[in-house]
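The next block is target-v5.cif, given as mmCIF, C-alpha atoms and all ligand atoms.
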data_run
loop_
_atom_site.label_atom_id
_atom_site.label_comp_id
_atom_site.auth_asym_id
_atom_site.auth_seq_id
_atom_site.Cartn_x
_atom_site.Cartn_y
_atom_site.Cartn_z
CA MET A 246 119.62 91.90 102.42
CA THR A 247 116.09 90.68 101.89
CA PRO A 248 113.70 93.47 102.80
CA LYS A 249 111.81 93.00 106.03
CA ILE A 250 108.05 92.82 105.75
CA ILE A 251 105.95 95.30 107.67
CA ALA A 252 102.19 94.81 107.88
CA VAL A 253 100.62 98.12 108.80
CA ASP A 254 97.08 98.94 109.81
CA PHE A 255 95.28 101.93 108.32
CA ASP A 256 92.64 103.50 110.59
CA GLY A 257 94.17 104.69 113.85
CA THR A 258 97.67 103.85 112.66
CA LEU A 259 98.58 105.41 109.31
CA CYS A 260 95.93 108.03 109.97
CA GLU A 261 93.64 109.07 112.78
CA ASP A 262 90.63 106.79 113.04
CA ARG A 263 87.75 108.58 111.32
CA TYR A 264 86.37 105.49 109.62
CA PRO A 265 84.73 105.39 107.09
CA ASN A 266 86.39 108.73 106.36
CA ILE A 267 90.15 109.18 106.49
CA GLY A 268 91.61 111.06 109.45
CA GLU A 269 94.69 113.22 109.69
CA PRO A 270 97.83 111.45 108.46
CA ASN A 271 100.38 110.05 110.88
CA ILE A 272 103.17 111.97 109.18
CA PRO A 273 106.09 110.56 111.22
CA LEU A 274 105.02 106.98 110.49
CA LEU A 275 104.37 107.71 106.80
CA ASN A 276 107.76 109.40 106.47
CA ALA A 277 109.51 106.52 108.19
CA LEU A 278 107.84 103.84 106.06
CA ARG A 279 108.47 105.79 102.83
CA GLU A 280 112.14 106.28 103.65
CA LEU A 281 112.72 102.67 104.69
CA LYS A 282 110.92 101.39 101.58
CA LYS A 283 112.84 103.68 99.23
CA ALA A 284 116.06 102.45 100.87
CA GLY A 285 115.00 98.88 99.99
CA LEU A 286 114.92 97.86 103.66
CA ILE A 287 111.23 97.00 103.89
CA GLU A 288 108.22 95.81 101.94
CA ILE A 289 104.81 97.02 103.06
CA ILE A 290 101.57 95.12 103.40
CA LEU A 291 98.52 97.30 103.96
CA TRP A 292 96.66 95.33 106.61
CA THR A 293 93.16 96.67 107.10
CA CYS A 294 89.53 95.69 107.55
CA ARG A 295 88.53 98.18 104.86
CA LYS A 296 86.92 96.77 101.74
CA GLY A 297 85.37 97.99 98.51
CA ASN A 298 85.41 101.74 97.90
CA GLU A 299 86.75 102.44 101.38
CA LEU A 300 89.73 100.21 100.68
CA ASP A 301 90.25 101.84 97.27
CA ASN A 302 90.21 105.24 99.00
CA ALA A 303 92.82 104.09 101.50
CA ILE A 304 95.12 102.76 98.76
CA ARG A 305 94.73 105.99 96.75
CA TRP A 306 95.45 108.00 99.91
CA LEU A 307 98.65 106.01 100.43
CA TRP A 308 99.71 106.60 96.82
CA ASN A 309 99.10 110.31 97.35
CA HIS A 310 101.51 110.07 100.27
CA ASP A 311 104.03 108.46 97.90
CA ILE A 312 103.73 104.97 99.35
CA GLN A 313 102.82 102.03 97.13
CA PRO A 314 102.07 98.97 99.26
CA ASP A 315 103.62 95.73 98.01
CA ALA A 316 100.48 93.85 98.98
CA VAL A 317 97.04 94.62 100.38
CA ASN A 318 95.58 92.20 102.92
CA SER A 319 97.59 89.40 101.32
CA ASN A 320 100.94 87.71 101.55
CA LEU A 321 103.83 88.67 99.33
CA PRO A 322 104.36 86.16 96.49
CA ARG A 323 107.77 85.15 97.90
CA ILE A 324 106.11 84.23 101.20
CA ILE A 325 103.46 82.13 99.46
CA ARG A 326 106.27 80.28 97.67
CA ALA A 327 108.31 79.85 100.86
CA PHE A 328 105.32 78.58 102.87
CA GLY A 329 104.08 76.34 100.05
CA GLY A 330 100.72 78.08 100.09
CA ASP A 331 98.85 81.18 101.08
CA THR A 332 98.20 81.37 104.80
CA ARG A 333 95.16 83.22 106.12
CA LYS A 334 97.33 85.27 108.42
CA VAL A 335 99.65 87.47 106.45
CA TYR A 336 103.25 86.89 107.38
CA ALA A 337 105.28 89.93 108.42
CA ASP A 338 108.44 90.62 110.39
CA LEU A 339 106.64 93.47 112.13
CA TYR A 340 102.98 94.37 112.57
CA ILE A 341 102.08 97.98 113.32
CA ASP A 342 98.55 98.40 114.57
CA ASP A 343 96.88 100.80 117.00
CA LYS A 344 95.18 97.82 118.58
CA SER A 345 98.32 95.80 119.11
CA PHE A 346 99.31 94.80 122.61
CA GLU A 347 102.94 95.77 122.26
CA CYS A 348 105.14 97.10 119.51
CA LYS A 349 108.34 95.10 119.18
CA PHE A 350 110.21 97.67 117.17
CA ASP A 351 113.35 97.50 119.31
CA ASP A 352 113.68 93.74 118.88
CA PHE A 353 112.89 94.09 115.18
CA LEU A 354 115.52 96.70 114.62
CA ASN A 355 118.17 95.22 116.88
CA ASP A 356 117.85 91.59 115.91
CA ASP A 357 116.52 91.39 112.38
CA VAL A 358 117.52 94.47 110.45
CA ASP A 359 121.02 95.15 109.26
CA THR A 360 121.26 98.38 111.17
CA THR A 361 124.53 99.26 109.50
CA ALA A 362 122.39 99.93 106.42
CA LEU A 363 119.93 101.98 108.42
CA THR A 364 120.89 105.59 108.87
CA GLU A 365 120.59 107.09 112.31
CA GLU A 366 118.03 109.54 110.93
CA ALA A 367 115.93 106.74 109.42
CA TYR A 368 116.13 104.79 112.66
CA SER A 369 114.93 107.70 114.77
CA LYS A 370 112.16 108.52 112.31
CA PHE A 371 111.01 104.92 112.33
CA VAL A 372 110.95 104.71 116.10
CA LYS A 373 109.25 108.09 116.35
CA GLY A 374 106.66 106.99 113.80
CA VAL A 375 105.84 103.85 115.74
CA ILE A 376 105.55 105.86 118.93
CA GLU A 377 103.29 108.35 117.17
CA CYS A 378 101.01 105.57 116.00
CA ARG A 379 100.69 104.42 119.58
CA MET A 380 99.58 107.91 120.59
CA TYR A 381 96.51 107.60 118.35
CA ALA A 382 95.38 104.45 120.14
MG MG B 401 93.21 100.43 113.47
#
Representation of the structure as structure tokens:
Amino acid sequence: MTPKIIAVDFDGTLCEDRYPNIGEPNIPLLNALRELKKAGLIEIILWTCRKGNELDNAIRWLWNHDIQPDAVNSNLPRIIRAFGGDTRKVYADLYIDDKSFECKFDDFLNDDVDTTALTEEAYSKFVKGVIECRMYA
């Protein structure tokens, strides 16, 4: 199965919004993303307005939480190849952002992911993480 792409916001989503500092981590979301990535089910794009040193700090913070994003504010190489170019909007199967209108995690999980490969524990952690990120909004 090709991993699904998740574009995830930083401030207010992966951590509490204390920009330009870094707020308390959203542990349920971090745990869910780490587990799904290690299982080979997802690739992660860090999708943030941060730049320069603040962006470097966010990437380092993610590494310290044992998550290495596959891309930062850019498309994955396989998407650039598939689209025949690099689109300004990064392509993802799911966007997680505290400013989103609605999280479509149920559709994502039910329709797109091979849920037979997703453990019940990983599923519940993922859903809980998404819900937690909404609580920071
Ligand atoms: Mg945000």
Measuring between all atoms listed in the file, which one of A:Ile290, A:Ala316, A:Leu278, A:Ile341 shows the shortest distance to ligand MG 401 (chain B)?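 Smallest separation from ligand MG 401 (chain B) among the options: A:Ile341.
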Skip region 302-305 of chain A itself and residues of its chain fewer than 3 positions away, then list as a PyMOL selection string all residues within 12 Å of it, counting all atoms listed in the file. chain A and resi 254-256+259-260+263-268+270+290-299+308-318
CA of Ile325 (chain A) to CA of Leu274 (chain A), straight-line distance in Å: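 Interatomic distance, CA of Leu274 (chain A) to CA of Ile325 (chain A): 27.2 Å.
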In Å, how far is it from CA of Ile272 (chain A) to CA of Leu339 (chain A)?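 Spanning CA of Ile272 (chain A) to CA of Leu339 (chain A) is a straight-line distance of 19.1 Å.
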Among listed residues A:Lys344, A:Leu275, A:Leu281, A:Ser319, nearest Asp331 (chain A) (using all atoms listed in the file):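 Nearest candidate to Asp331 (chain A) out of A:Lys344, A:Leu275, A:Leu281, A:Ser319: A:Ser319.
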Closest of A:Gly257, A:Gly374, A:Gly330, A:Pro248 to ligand MG 401 (chain B) - atom-to-atom distances counting only C-alpha atoms and all ligand atoms: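 For ligand MG 401 (chain B), the nearest of the candidates is A:Gly257.
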d(CA of Asp342 (chain A), CA of Phe328 (chain A)) in Å: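 These two atoms are separated by 24.0 Å.
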Given all atoms listed in the file as the basis, pick out the residue of A:Ile324, A:Ala337, A:Ile250, A:Leu307 nearest to Leu286 (chain A).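 Checking each candidate against Leu286 (chain A), we get A:Ile250 as the closest.
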Would you fill the gaps in region 255-279 of chain A so it has N, CA and C atoms, then print it as a JSON list (two decimals), in the coordinates of the input?
[["chain", "number", "residue", "atom", "x", "y", "z"],
["A", 255, "PHE", "N", 95.60, 100.61, 108.88],
["A", 255, "PHE", "CA", 95.28, 101.93, 108.32],
["A", 255, "PHE", "C", 94.64, 102.85, 109.37],
["A", 256, "ASP", "N", 93.38, 102.59, 109.71],
["A", 256, "ASP", "CA", 92.64, 103.50, 110.59],
["A", 256, "ASP", "C", 93.21, 103.46, 112.01],
["A", 257, "GLY", "N", 93.61, 104.61, 112.50],
["A", 257, "GLY", "CA", 94.17, 104.69, 113.85],
["A", 257, "GLY", "C", 95.66, 104.45, 113.88],
["A", 258, "THR", "N", 96.24, 104.13, 112.72],
["A", 258, "THR", "CA", 97.67, 103.85, 112.66],
["A", 258, "THR", "C", 98.35, 104.75, 111.62],
["A", 259, "LEU", "N", 98.03, 104.53, 110.34],
["A", 259, "LEU", "CA", 98.58, 105.41, 109.31],
["A", 259, "LEU", "C", 97.89, 106.77, 109.33],
["A", 260, "CYS", "N", 96.66, 106.78, 109.83],
["A", 260, "CYS", "CA", 95.93, 108.03, 109.97],
["A", 260, "CYS", "C", 95.06, 107.93, 111.21],
["A", 261, "GLU", "N", 94.58, 109.08, 111.66],
["A", 261, "GLU", "CA", 93.64, 109.07, 112.78],
["A", 261, "GLU", "C", 92.39, 108.28, 112.37],
["A", 262, "ASP", "N", 91.81, 107.63, 113.34],
["A", 262, "ASP", "CA", 90.63, 106.79, 113.04],
["A", 262, "ASP", "C", 89.39, 107.65, 112.89],
["A", 263, "ARG", "N", 88.99, 107.86, 111.63],
["A", 263, "ARG", "CA", 87.75, 108.58, 111.32],
["A", 263, "ARG", "C", 86.89, 107.73, 110.38],
["A", 264, "TYR", "N", 87.06, 106.41, 110.50],
["A", 264, "TYR", "CA", 86.37, 105.49, 109.62],
["A", 264, "TYR", "C", 84.88, 105.81, 109.59],
["A", 265, "PRO", "N", 84.21, 105.78, 108.41],
["A", 265, "PRO", "CA", 84.73, 105.39, 107.09],
["A", 265, "PRO", "C", 85.47, 106.50, 106.35],
["A", 266, "ASN", "N", 85.57, 107.68, 106.96],
["A", 266, "ASN", "CA", 86.39, 108.73, 106.36],
["A", 266, "ASN", "C", 87.86, 108.45, 106.68],
["A", 267, "ILE", "N", 88.71, 109.33, 106.23],
["A", 267, "ILE", "CA", 90.15, 109.18, 106.49],
["A", 267, "ILE", "C", 90.61, 110.34, 107.35],
["A", 268, "GLY", "N", 91.17, 110.03, 108.51],
["A", 268, "GLY", "CA", 91.61, 111.06, 109.45],
["A", 268, "GLY", "C", 92.92, 111.69, 109.06],
["A", 269, "GLU", "N", 93.41, 112.53, 109.94],
["A", 269, "GLU", "CA", 94.69, 113.22, 109.69],
["A", 269, "GLU", "C", 95.82, 112.20, 109.59],
["A", 270, "PRO", "N", 96.74, 112.43, 108.66],
["A", 270, "PRO", "CA", 97.83, 111.45, 108.46],
["A", 270, "PRO", "C", 98.79, 111.41, 109.64],
["A", 271, "ASN", "N", 99.31, 110.23, 109.90],
["A", 271, "ASN", "CA", 100.38, 110.05, 110.88],
["A", 271, "ASN", "C", 101.70, 110.30, 110.14],
["A", 272, "ILE", "N", 102.03, 111.57, 110.02],
["A", 272, "ILE", "CA", 103.17, 111.97, 109.18],
["A", 272, "ILE", "C", 104.48, 111.28, 109.59],
["A", 273, "PRO", "N", 104.81, 111.21, 110.87],
["A", 273, "PRO", "CA", 106.09, 110.56, 111.22],
["A", 273, "PRO", "C", 106.14, 109.10, 110.76],
["A", 274, "LEU", "N", 105.03, 108.39, 110.92],
["A", 274, "LEU", "CA", 105.02, 106.98, 110.49],
["A", 274, "LEU", "C", 105.09, 106.89, 108.97],
["A", 275, "LEU", "N", 104.33, 107.72, 108.27],
["A", 275, "LEU", "CA", 104.37, 107.71, 106.80],
["A", 275, "LEU", "C", 105.77, 108.03, 106.31],
["A", 276, "ASN", "N", 106.40, 109.03, 106.89],
["A", 276, "ASN", "CA", 107.76, 109.40, 106.47],
["A", 276, "ASN", "C", 108.74, 108.25, 106.72],
["A", 277, "ALA", "N", 108.60, 107.61, 107.86],
["A", 277, "ALA", "CA", 109.51, 106.52, 108.19],
["A", 277, "ALA", "C", 109.34, 105.36, 107.22],
["A", 278, "LEU", "N", 108.09, 104.97, 106.96],
["A", 278, "LEU", "CA", 107.84, 103.84, 106.06],
["A", 278, "LEU", "C", 108.32, 104.17, 104.64],
["A", 279, "ARG", "N", 108.04, 105.40, 104.18],
["A", 279, "ARG", "CA", 108.47, 105.79, 102.83],
["A", 279, "ARG", "C", 109.98, 105.73, 102.71]]
